[in-house]
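Trainee: The file below is entry15.txt, compact mmCIF, C-alpha atoms:
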# COMPACT_ATOMS: atom_id res chain seq x y z
CA MET A 422 23.76 38.01 -6.70
CA ILE A 423 21.22 40.45 -8.05
CA LYS A 424 21.61 43.88 -6.60
CA PHE A 425 18.20 45.47 -6.01
CA THR A 426 18.90 49.00 -7.05
CA GLU A 427 16.18 51.63 -6.85
CA HIS A 428 15.88 51.41 -10.59
CA LEU A 429 15.31 47.63 -10.63
CA LYS A 430 12.81 47.85 -7.77
CA CYS A 431 10.90 50.46 -9.72
CA SER A 432 10.91 48.29 -12.86
CA ILE A 433 9.60 45.26 -10.92
CA LEU A 434 6.84 47.40 -9.44
CA ILE A 435 5.87 48.64 -12.91
CA PHE A 436 5.88 45.06 -14.28
CA VAL A 437 3.65 43.74 -11.46
CA SER A 438 1.22 46.68 -11.76
CA ALA A 439 1.05 46.36 -15.55
CA THR A 440 0.46 42.59 -15.27
CA ILE A 441 -2.46 43.19 -12.89
CA ILE A 442 -3.97 45.87 -15.15
CA PHE A 443 -3.61 43.79 -18.35
CA SER A 444 -4.98 40.67 -16.60
CA MET A 445 -8.03 42.67 -15.53
CA LEU A 446 -8.50 43.91 -19.10
CA ALA A 447 -8.18 40.30 -20.38
CA TYR A 448 -10.80 39.13 -17.87
CA VAL A 449 -13.22 41.89 -18.87
CA SER A 450 -12.73 41.15 -22.57
CA VAL A 451 -13.46 37.40 -22.27
CA THR A 452 -16.33 37.68 -19.76
CA PRO A 453 -19.76 38.50 -21.24
CA ARG A 454 -21.42 41.49 -19.63
CA PRO A 455 -24.69 40.81 -17.79
CA ARG A 456 -27.59 42.40 -19.63
CA GLU A 457 -31.28 42.75 -18.96
CA GLN A 458 -33.08 39.81 -20.55
CA PHE A 459 -36.49 40.43 -22.05
CA PHE A 460 -38.81 39.97 -25.02
CA GLN A 461 -40.76 42.56 -26.92
CA ILE A 462 -44.06 41.76 -28.64
CA TYR A 463 -46.25 44.05 -30.68
CA VAL A 464 -49.27 44.20 -32.96
CA LEU A 465 -49.45 46.62 -35.87
CA GLY A 466 -52.38 47.44 -38.12
CA GLU A 467 -52.68 46.70 -41.82
CA THR A 468 -50.25 49.56 -42.72
CA LYS A 469 -47.62 48.04 -40.40
CA MET A 470 -48.11 51.01 -38.09
CA ALA A 471 -49.96 51.45 -34.80
CA GLU A 472 -53.18 52.42 -36.62
CA LEU A 473 -56.01 50.92 -38.71
CA TYR A 474 -56.51 47.81 -36.64
CA TYR A 475 -60.00 47.24 -38.05
CA PRO A 476 -61.52 47.31 -41.54
CA ASN A 477 -62.49 50.95 -42.29
CA ASN A 478 -61.15 51.74 -38.81
CA ASN A 479 -64.45 50.51 -37.36
CA PRO A 480 -64.23 48.12 -34.38
CA ASN A 481 -67.71 46.74 -35.16
CA ILE A 482 -66.80 43.79 -37.34
CA PRO A 483 -69.43 41.88 -39.32
CA PRO A 484 -68.81 38.47 -40.94
CA GLY A 485 -66.82 38.82 -44.16
CA PRO A 486 -64.24 41.62 -44.04
CA LYS A 487 -60.68 40.60 -43.36
CA VAL A 488 -58.86 42.06 -40.38
CA ARG A 489 -55.17 42.47 -41.17
CA TRP A 490 -52.60 42.75 -38.42
CA HIS A 491 -48.86 42.26 -38.20
CA LEU A 492 -47.55 40.47 -35.13
CA GLY A 493 -43.96 40.82 -34.03
CA ALA A 494 -41.63 39.55 -31.36
CA THR A 495 -38.00 40.45 -30.63
CA ASN A 496 -35.64 38.37 -28.57
CA PHE A 497 -33.38 40.34 -26.20
CA MET A 498 -32.62 37.35 -23.99
CA GLY A 499 -28.96 37.07 -24.94
CA SER A 500 -29.37 33.55 -26.36
CA ALA A 501 -31.54 31.58 -28.81
CA GLN A 502 -35.13 31.09 -27.62
CA TYR A 503 -38.05 28.94 -28.72
CA VAL A 504 -41.02 31.29 -28.85
CA VAL A 505 -44.72 30.53 -29.19
CA LEU A 506 -47.33 33.22 -29.79
CA LYS A 507 -50.75 31.97 -28.70
CA ILE A 508 -53.81 33.68 -30.11
CA LYS A 509 -56.88 33.42 -27.89
CA LEU A 510 -60.47 34.55 -28.21
CA SER A 511 -61.98 36.08 -25.11
CA ASN A 512 -64.79 38.33 -23.93
CA SER A 513 -65.05 40.86 -21.12
CA THR A 514 -65.75 38.24 -18.43
CA ILE A 515 -62.99 35.72 -19.11
CA ASP A 516 -59.91 36.58 -17.07
CA PRO A 517 -57.01 38.16 -18.94
CA PRO A 518 -53.48 36.89 -18.22
CA ASN A 519 -52.30 37.62 -14.70
CA GLU A 520 -48.83 39.15 -14.88
CA LYS A 521 -48.38 39.15 -11.10
CA GLU A 522 -49.08 35.43 -10.71
CA LYS A 523 -47.69 34.63 -14.18
CA LEU A 524 -50.93 32.90 -15.15
CA SER A 525 -52.06 32.81 -18.75
CA SER A 526 -55.63 33.59 -19.69
CA PRO A 527 -58.05 30.65 -19.37
CA ALA A 528 -59.50 31.64 -22.77
CA ALA A 529 -59.22 28.92 -25.39
CA VAL A 530 -56.46 29.02 -27.97
CA LEU A 531 -57.51 29.75 -31.57
CA THR A 532 -54.11 29.14 -33.08
CA GLU A 533 -50.44 29.38 -32.23
CA PHE A 534 -47.23 30.29 -34.05
CA HIS A 535 -43.88 28.70 -33.27
CA ARG A 536 -40.44 30.07 -34.01
CA VAL A 537 -36.83 29.82 -32.85
CA LEU A 538 -35.32 33.30 -32.49
CA ILE A 539 -31.64 33.99 -32.06
CA ASN A 540 -30.53 36.92 -29.90
CA ASN A 541 -31.63 40.36 -31.17
CA GLU A 542 -33.74 38.77 -33.92
CA THR A 543 -37.15 40.20 -34.75
CA TRP A 544 -39.89 37.97 -36.12
CA GLN A 545 -42.75 39.76 -37.81
CA PHE A 546 -45.53 38.05 -39.71
CA PRO A 547 -49.02 38.90 -40.97
CA LEU A 548 -52.08 37.73 -39.07
CA THR A 549 -55.17 37.96 -41.22
CA TRP A 550 -58.48 36.84 -39.79
CA ARG A 551 -62.13 37.16 -40.52
CA ILE A 552 -65.39 36.23 -38.90
CA ASP A 553 -67.16 33.69 -41.11
CA ASN A 554 -70.25 33.16 -39.05
CA ILE A 555 -71.97 34.59 -35.99
CA VAL A 556 -74.68 32.71 -34.13
CA LYS A 557 -77.26 34.75 -32.21
CA MET A 558 -78.89 33.20 -29.14
CA GLY A 559 -81.26 35.70 -27.55
CA ASP A 560 -79.19 38.73 -26.62
CA TYR A 561 -75.96 36.81 -26.87
CA TYR A 562 -73.75 36.24 -29.89
CA HIS A 563 -71.02 33.72 -30.42
CA LEU A 564 -68.50 33.38 -33.22
CA SER A 565 -69.01 29.92 -34.68
CA GLN A 566 -66.50 30.07 -37.50
CA LEU A 567 -63.34 32.10 -38.09
CA THR A 568 -60.64 32.02 -40.74
CA ILE A 569 -57.12 32.76 -39.51
CA ASN A 570 -54.33 33.00 -42.11
CA ASP A 571 -56.48 31.02 -44.58
CA GLN A 572 -57.13 28.23 -42.06
CA ASN A 573 -60.65 27.52 -40.86
CA VAL A 574 -60.93 27.64 -37.11
CA ARG A 575 -63.91 26.62 -35.00
CA PRO A 576 -63.60 28.72 -31.86
CA PRO A 577 -64.90 27.44 -28.52
CA LEU A 578 -68.16 28.93 -27.23
CA VAL A 579 -67.36 32.46 -26.17
CA TYR A 580 -70.51 34.51 -25.69
CA ALA A 581 -70.80 38.28 -25.70
CA ARG A 582 -73.92 40.29 -25.04
CA ASN A 583 -75.02 41.77 -28.39
CA GLY A 584 -71.54 40.88 -29.67
CA TYR A 585 -69.90 43.62 -27.62
CA ASN A 586 -66.45 43.48 -26.09
CA TYR A 587 -64.83 40.50 -27.69
CA ARG A 588 -61.07 40.55 -27.54
CA ILE A 589 -58.18 38.76 -29.16
CA ILE A 590 -55.46 38.02 -26.63
CA ILE A 591 -51.90 37.40 -27.80
CA GLU A 592 -49.66 35.67 -25.28
CA LEU A 593 -45.95 35.01 -25.50
CA TRP A 594 -44.82 31.58 -24.33
CA THR A 595 -41.28 30.23 -24.33
CA LEU A 596 -39.64 26.86 -23.95
CA ASP A 597 -38.05 26.76 -20.52
CA PRO A 598 -34.65 25.09 -20.98
CA VAL A 599 -34.53 24.05 -17.31
CA ASP A 600 -37.91 22.28 -17.02
CA GLN A 601 -38.06 21.59 -20.77
CA HIS A 602 -41.69 22.59 -21.17
CA PHE A 603 -43.48 25.67 -22.42
CA ILE A 604 -44.18 28.41 -19.90
CA PHE A 605 -46.22 31.60 -20.13
CA GLY A 606 -43.68 34.41 -20.37
CA TRP A 607 -40.02 33.70 -19.75
CA ARG A 608 -37.53 33.08 -17.01
CA THR A 609 -34.59 35.42 -16.26
CA GLY A 610 -32.48 33.88 -13.54
CA THR A 611 -34.84 33.24 -10.64
CA GLU A 612 -37.43 35.70 -11.91
CA ARG A 613 -40.42 35.06 -14.22
CA ARG A 614 -41.81 37.70 -16.54
CA ALA A 615 -44.72 37.77 -18.95
CA ALA A 616 -45.81 39.72 -22.00
CA TRP A 617 -49.23 39.79 -23.61
CA LEU A 618 -51.45 42.03 -25.71
CA GLN A 619 -55.14 42.36 -26.37
CA ILE A 620 -57.30 44.06 -28.97
CA TRP A 621 -60.99 44.60 -28.41
CA PHE A 622 -63.69 44.42 -31.06
CA ASN A 623 -67.45 44.02 -31.40
CA ALA A 624 -69.03 41.35 -33.55
CA THR A 625 -72.00 42.64 -35.52
CA LEU A 626 -74.54 40.82 -37.61
CA PRO A 627 -74.73 41.80 -41.27
CA LYS A 628 -77.37 44.43 -41.98
CA PRO A 629 -80.50 42.91 -43.56
CA SER A 630 -80.76 43.96 -47.19
CA MET B 971 -36.91 20.10 -28.32
CA GLU B 972 -33.55 18.32 -28.16
CA THR B 973 -32.52 20.04 -31.40
CA PHE B 974 -33.47 23.47 -30.07
CA LEU B 975 -31.56 22.84 -26.83
CA ALA B 976 -28.49 21.84 -28.87
CA VAL B 977 -28.73 25.09 -30.88
CA ARG B 978 -29.11 27.06 -27.65
CA GLU B 979 -26.08 25.38 -26.11
CA ALA B 980 -24.05 26.28 -29.20
CA ASP B 981 -25.23 29.88 -28.78
CA ILE B 982 -24.30 29.97 -25.09
CA ALA B 983 -20.90 28.46 -25.92
CA GLY B 984 -20.32 31.56 -28.07
CA ALA B 985 -20.99 30.30 -31.60
CA GLY B 986 -20.85 32.91 -34.36
CA GLU B 987 -24.02 34.67 -35.48
CA LEU B 988 -23.79 33.40 -39.07
CA GLY B 989 -23.72 29.75 -38.05
CA LEU B 990 -26.52 30.25 -35.52
CA ARG B 991 -28.69 32.12 -38.01
CA GLU B 992 -28.32 29.29 -40.49
CA LEU B 993 -29.17 26.65 -37.87
CA SER B 994 -32.19 28.56 -36.57
CA SER B 995 -33.45 29.08 -40.11
CA ARG B 996 -33.19 25.32 -40.82
CA LEU B 997 -34.85 24.57 -37.48
CA ASN B 998 -37.72 26.93 -38.27
CA GLU B 999 -38.21 25.18 -41.62
CA ALA B 1000 -38.38 21.85 -39.79
CA LEU B 1001 -40.90 23.32 -37.31
CA ASN B 1002 -43.06 24.61 -40.18
CA ALA B 1003 -42.89 21.18 -41.83
CA THR B 1004 -44.04 19.55 -38.58
CA ARG B 1005 -46.97 21.99 -38.33
CA GLU B 1006 -47.90 21.32 -41.94
CA ALA B 1007 -47.71 17.57 -41.30
CA GLU B 1008 -50.08 17.97 -38.33
CA GLU B 1009 -52.54 19.92 -40.50
CA LEU B 1010 -52.38 17.28 -43.24
CA GLU B 1011 -52.96 14.58 -40.64
CA MET B 1012 -56.06 16.44 -39.44
CA GLN B 1013 -57.30 16.62 -43.02
CA GLY B 1014 -56.89 12.84 -43.26
CA ARG B 1015 -53.96 12.99 -45.71
CA SER B 1016 -51.87 10.61 -43.63
CA ALA B 1017 -49.44 9.48 -46.36
CA GLU B 1018 -48.39 13.05 -47.20
CA ALA B 1019 -48.26 13.94 -43.51
CA SER B 1020 -46.02 10.98 -42.75
CA LYS B 1021 -43.67 11.87 -45.63
CA LEU B 1022 -43.41 15.47 -44.45
CA TYR B 1023 -42.93 14.41 -40.85
CA THR B 1024 -40.11 12.00 -41.79
CA ARG B 1025 -38.40 14.81 -43.68
CA ALA B 1026 -38.72 17.13 -40.66
CA VAL B 1027 -37.24 14.48 -38.35
CA ALA B 1028 -34.29 13.93 -40.73
CA ALA B 1029 -33.71 17.70 -40.89
CA CYS B 1030 -33.77 17.87 -37.07
CA ASP B 1031 -31.16 15.11 -36.85
CA GLU B 1032 -28.90 17.00 -39.25
CA ILE B 1033 -29.36 20.25 -37.32
CA LEU B 1034 -28.61 18.44 -34.05
CA ALA B 1035 -25.30 17.13 -35.44
CA SER B 1036 -24.39 20.56 -36.87
CA ALA B 1037 -25.28 22.29 -33.59
CA ARG B 1038 -23.06 19.92 -31.62
CA LEU B 1039 -20.17 20.56 -34.01
CA LEU B 1040 -20.75 24.31 -33.80
CA ARG B 1041 -20.79 24.13 -30.01
CA GLU B 1042 -17.53 22.20 -29.88
CA GLU B 1043 -15.90 24.64 -32.25
CA ALA B 1044 -17.21 27.61 -30.22
CA LEU B 1045 -15.94 26.09 -26.97
CA ARG B 1046 -12.51 25.46 -28.52
CA GLN B 1047 -12.37 28.99 -29.89
CA SER B 1048 -13.46 30.45 -26.56
CA PHE B 1049 -10.77 28.41 -24.76
CA TYR B 1050 -8.07 29.64 -27.16
CA ASN B 1051 -9.30 33.22 -26.78
CA ARG B 1052 -8.96 32.95 -23.00
CA ILE B 1053 -5.50 31.43 -23.23
CA ILE B 1054 -4.36 34.14 -25.67
CA ALA B 1055 -5.88 36.94 -23.59
CA PHE B 1056 -4.30 35.81 -20.31
CA THR B 1057 -0.94 34.98 -21.95
CA LEU B 1058 -0.87 38.38 -23.56
CA ALA B 1059 -1.22 40.12 -20.15
CA PRO B 1060 2.35 39.39 -18.80
CA VAL B 1061 3.82 39.83 -22.31
CA LEU B 1062 2.28 43.29 -22.63
CA ALA B 1063 3.33 44.08 -19.04
CA PHE B 1064 6.91 43.11 -19.89
CA VAL B 1065 6.89 45.25 -23.05
CA THR B 1066 5.44 48.16 -21.06
CA THR B 1067 8.18 47.79 -18.42
CA ILE B 1068 10.95 47.68 -21.05
CA VAL B 1069 9.53 50.72 -22.87
CA LEU B 1070 9.21 52.67 -19.62
CA HIS B 1071 12.69 51.60 -18.45
CA PHE B 1072 14.48 52.67 -21.62
CA GLY B 1073 12.25 55.67 -22.04
CA TYR B 1074 13.12 56.84 -18.55
CA ARG B 1075 16.88 56.25 -19.16
CA TRP B 1076 16.78 58.19 -22.40
CA TRP B 1077 14.89 61.08 -20.78
CA ARG B 1078 17.27 61.16 -17.80
CA ARG B 1079 20.37 61.26 -20.03
CA ARG B 1080 18.80 64.03 -22.11
CA GLU B 1081 18.06 66.04 -19.00
CA VAL B 1082 21.63 65.57 -17.64
CA ARG B 1083 23.09 66.57 -21.02
CA ARG B 1084 20.84 69.61 -21.09
CA ILE B 1085 21.90 70.71 -17.63
CA PHE B 1086 25.64 70.24 -18.37
CA SER B 1087 25.40 72.16 -21.61
CA MET B 1088 23.97 75.18 -19.87
CA GLU B 1089 26.02 78.38 -19.87
CA ILE B 1090 26.15 80.88 -17.10
CA HIS B 1091 25.26 84.43 -18.05
CA LEU B 1092 25.37 87.33 -15.64
CA LYS B 1093 22.38 89.48 -15.66
CA GLU B 1094 23.25 93.14 -16.14
CA GLU B 1095 22.05 95.22 -13.26
CA THR B 1096 20.44 98.50 -14.13
CA ARG B 1097 22.14 101.52 -12.65
CA GLU B 1098 19.99 103.64 -10.54
As a first step, turn the structure in this file into structure tokens.

Mentor:
Amino acid sequence: MIKFTEHLKCSILIFVSATIIFSMLAYVSVTPRPREQFFQIYVLGETKMAELYYPNNNPNIPPGPKVRWHLGATNFMGSAQYVVLKIKLSNSTIDPPNEKEKLSSPAAVLTEFHRVLINNETWQFPLTWRIDNIVKMGDYYHLSQLTINDQNVRPPLVYARNGYNYRIIIELWTLDPVDQHFIFGWRTGTERRAAWLQIWFNATLPKPS
Amino acid sequence: METFLAVREADIAGAGELGLRELSSRLNEALNATREAEELEMQGRSAEASKLYTRAVAACDEILASARLLREEALRQSFYNRIIAFTLAPVLAFVTTIVLHFGYRWWRRREVRRIFSMEIHLKEETRE
């Protein structure tokens, strides 16, 4: 029969304690840590910095000159995500996206860019656009033809008084793996979040020669 | 969509970054091809669009198969990692116990030997 000396009792206690500690360490090492899940989107100017967003740094843009931006998105969601960046044309009266209600802007989409991003991946690409034609109707202007990344785009009727206060809205949409459709923003657990950007400009008619 | 979900599942299962990067890059190429096919279709170039679209669908099928393989491999690897980690716990505990046991015995013997090898010296008292 085993005699439980003080020494043996002590050894058993050490073995049990060490087993508990090493099991806890094993659990921590194989369990992924919960992290904050989010996306980051940004727009940079033609120098790939937060400056020079307009030709000659002038927000009054006539038909012709190219506007060069660089759009970027980074995935910090902890898993691969299907991302869509929607580019919309709006004025000062069309509602912007509503972050509280998670509603996207009702402005019409000019174009959209799709990409699958793995975790921690940044996607940056150039967005070059130009106004090809402006139609004047009384005091109101509307952009009838745009070129975006060498593709002709016919924007919907978006009027602005004297061409003032147009804006390009950039919205981030993701494919929701639960509902399997695209949603504005993204879902983290039970929560929904949204990210969007806007850049204002004025459309001006070319000066008569 | 099914292809993307397969890639995502592989990612969640713990697939390596290299494999995922390769899959996502191929998937993005397929997405671009689909977009190009749509543009060609709008321009009325249906034959070219159809060719491009067929190629994109074939690429998606290949990615889907690769993603499923990657997921299975990641799940297997993750299972083995768990088994190894939890098996290692009692082994390390046992090694720790043995080391402490013999370490303590060695230290105790050393202390006993040290005490028995001590000599008694009388301290000389200073005369006043």

Trainee: So which one's closest to chain B, A:Leu596, A:Ala581, A:Met558, A:Leu564? Using only C-alpha atoms, please.

Mentor: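 Among the listed residues, the smallest separation from chain B belongs to A:Leu596.
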
Trainee: For a quick check of understanding, using all atoms listed in the file, which of A:Leu538, A:Met470, A:Leu465, A:Val556 has the smallest distance to chain B?

Mentor: A:Leu538

Trainee: Using only C-alpha atoms, find the residues of chain A whose closest atom to chain B is at most 10 Å away, then write them as JSON, numbers by chain.

Mentor: {"A": [428, 429, 431, 432, 433, 434, 435, 436, 437, 438, 439, 440, 441, 442, 443, 444, 445, 446, 447, 448, 450, 451, 452, 453, 499, 500, 501, 502, 503, 534, 535, 536, 537, 538, 539, 540, 542, 572, 596, 597, 598, 601, 602]}

Trainee: Return the single residue from B:Arg1078, B:Ala1037, B:Arg1084, B:Glu1042 that is closest to Gly989 (chain B), with distances computed using all atoms listed in the file.

Mentor: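 When distances to Gly989 (chain B) are compared using all atoms listed in the file, the smallest one comes from B:Ala1037.
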
Trainee: Find the distance between CA of Ala494 (chain A) and CA of Gln461 (chain A) and write it in Å to one decimal.

Mentor: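 A separation of 5.4 Å between them.
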
Trainee: Mind checking which residues fall within 7 Å of Ile552 (chain A), counting all atoms listed in the file, ignoring those fewer than 5 positions away in the same chain, and posting them as a list in words?

Mentor: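 Contacts, with the query itself left out: Pro483, Pro484, Gly485, Gln566, Leu567 and Thr568 of chain A.
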
Trainee: For a test of reading the model, state the distance in Å between CA of Tyr562 (chain A) and CA of Gly584 (chain A), rounded to one decimal.

Mentor: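 Distance reported for this atom pair: 5.1 Å.
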
Trainee: If I take CA of Asp1031 (chain B) and CA of Ala976 (chain B), how far is one from the other in Å, to one decimal?

Mentor: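 A separation of 10.8 Å between them.
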
Trainee: So, with only C-alpha atoms as the atoms that count, which of A:Arg608, A:Lys430, A:Lys424, A:His491 lies closest to Lys523 (chain A)?

Mentor: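 Of A:Arg608, A:Lys430, A:Lys424, A:His491, the one nearest Lys523 (chain A), counting only C-alpha atoms, is A:Arg608.
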
Trainee: Taking into account all atoms listed in the file, which residue in the set A:Lys628, A:Arg588, A:His563, A:Arg575 is nearest to Pro480 (chain A)?

Mentor: A:Arg588

Trainee: Counting all atoms listed in the file, which of A:Ser526, A:Asn586, A:Thr609, A:Asn478 gets nearest to Ala624 (chain A)?

Mentor: A:Asn586

Trainee: Would you pull region 461-478 of chain A out of the block just shown and save C-alpha atoms as an mmCIF file, in the first residue's frame?

Mentor:
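The new file out_37.cif reads:
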data_model
loop_
_atom_site.group_PDB
_atom_site.id
_atom_site.type_symbol
_atom_site.label_atom_id
_atom_site.label_comp_id
_atom_site.auth_asym_id
_atom_site.auth_seq_id
_atom_site.Cartn_x
_atom_site.Cartn_y
_atom_site.Cartn_z
ATOM 1 C CA GLN A 461 -11.006 51.795 -42.303
ATOM 2 C CA ILE A 462 -11.665 53.758 -45.492
ATOM 3 C CA TYR A 463 -9.892 56.834 -46.751
ATOM 4 C CA VAL A 464 -9.493 59.168 -49.706
ATOM 5 C CA LEU A 465 -6.162 60.760 -50.555
ATOM 6 C CA GLY A 466 -5.374 63.451 -53.088
ATOM 7 C CA GLU A 467 -3.285 63.086 -56.223
ATOM 8 C CA THR A 468 -0.008 63.017 -54.193
ATOM 9 C CA LYS A 469 -1.360 60.104 -52.125
ATOM 10 C CA MET A 470 -1.561 62.464 -49.156
ATOM 11 C CA ALA A 471 -4.444 64.268 -47.484
ATOM 12 C CA GLU A 472 -4.010 67.302 -49.768
ATOM 13 C CA LEU A 473 -4.580 68.452 -53.371
ATOM 14 C CA TYR A 474 -8.000 66.919 -53.798
ATOM 15 C CA TYR A 475 -8.823 69.187 -56.747
ATOM 16 C CA PRO A 476 -6.966 70.275 -59.886
ATOM 17 C CA ASN A 477 -4.832 73.325 -58.938
ATOM 18 C CA ASN A 478 -6.277 72.920 -55.435
#
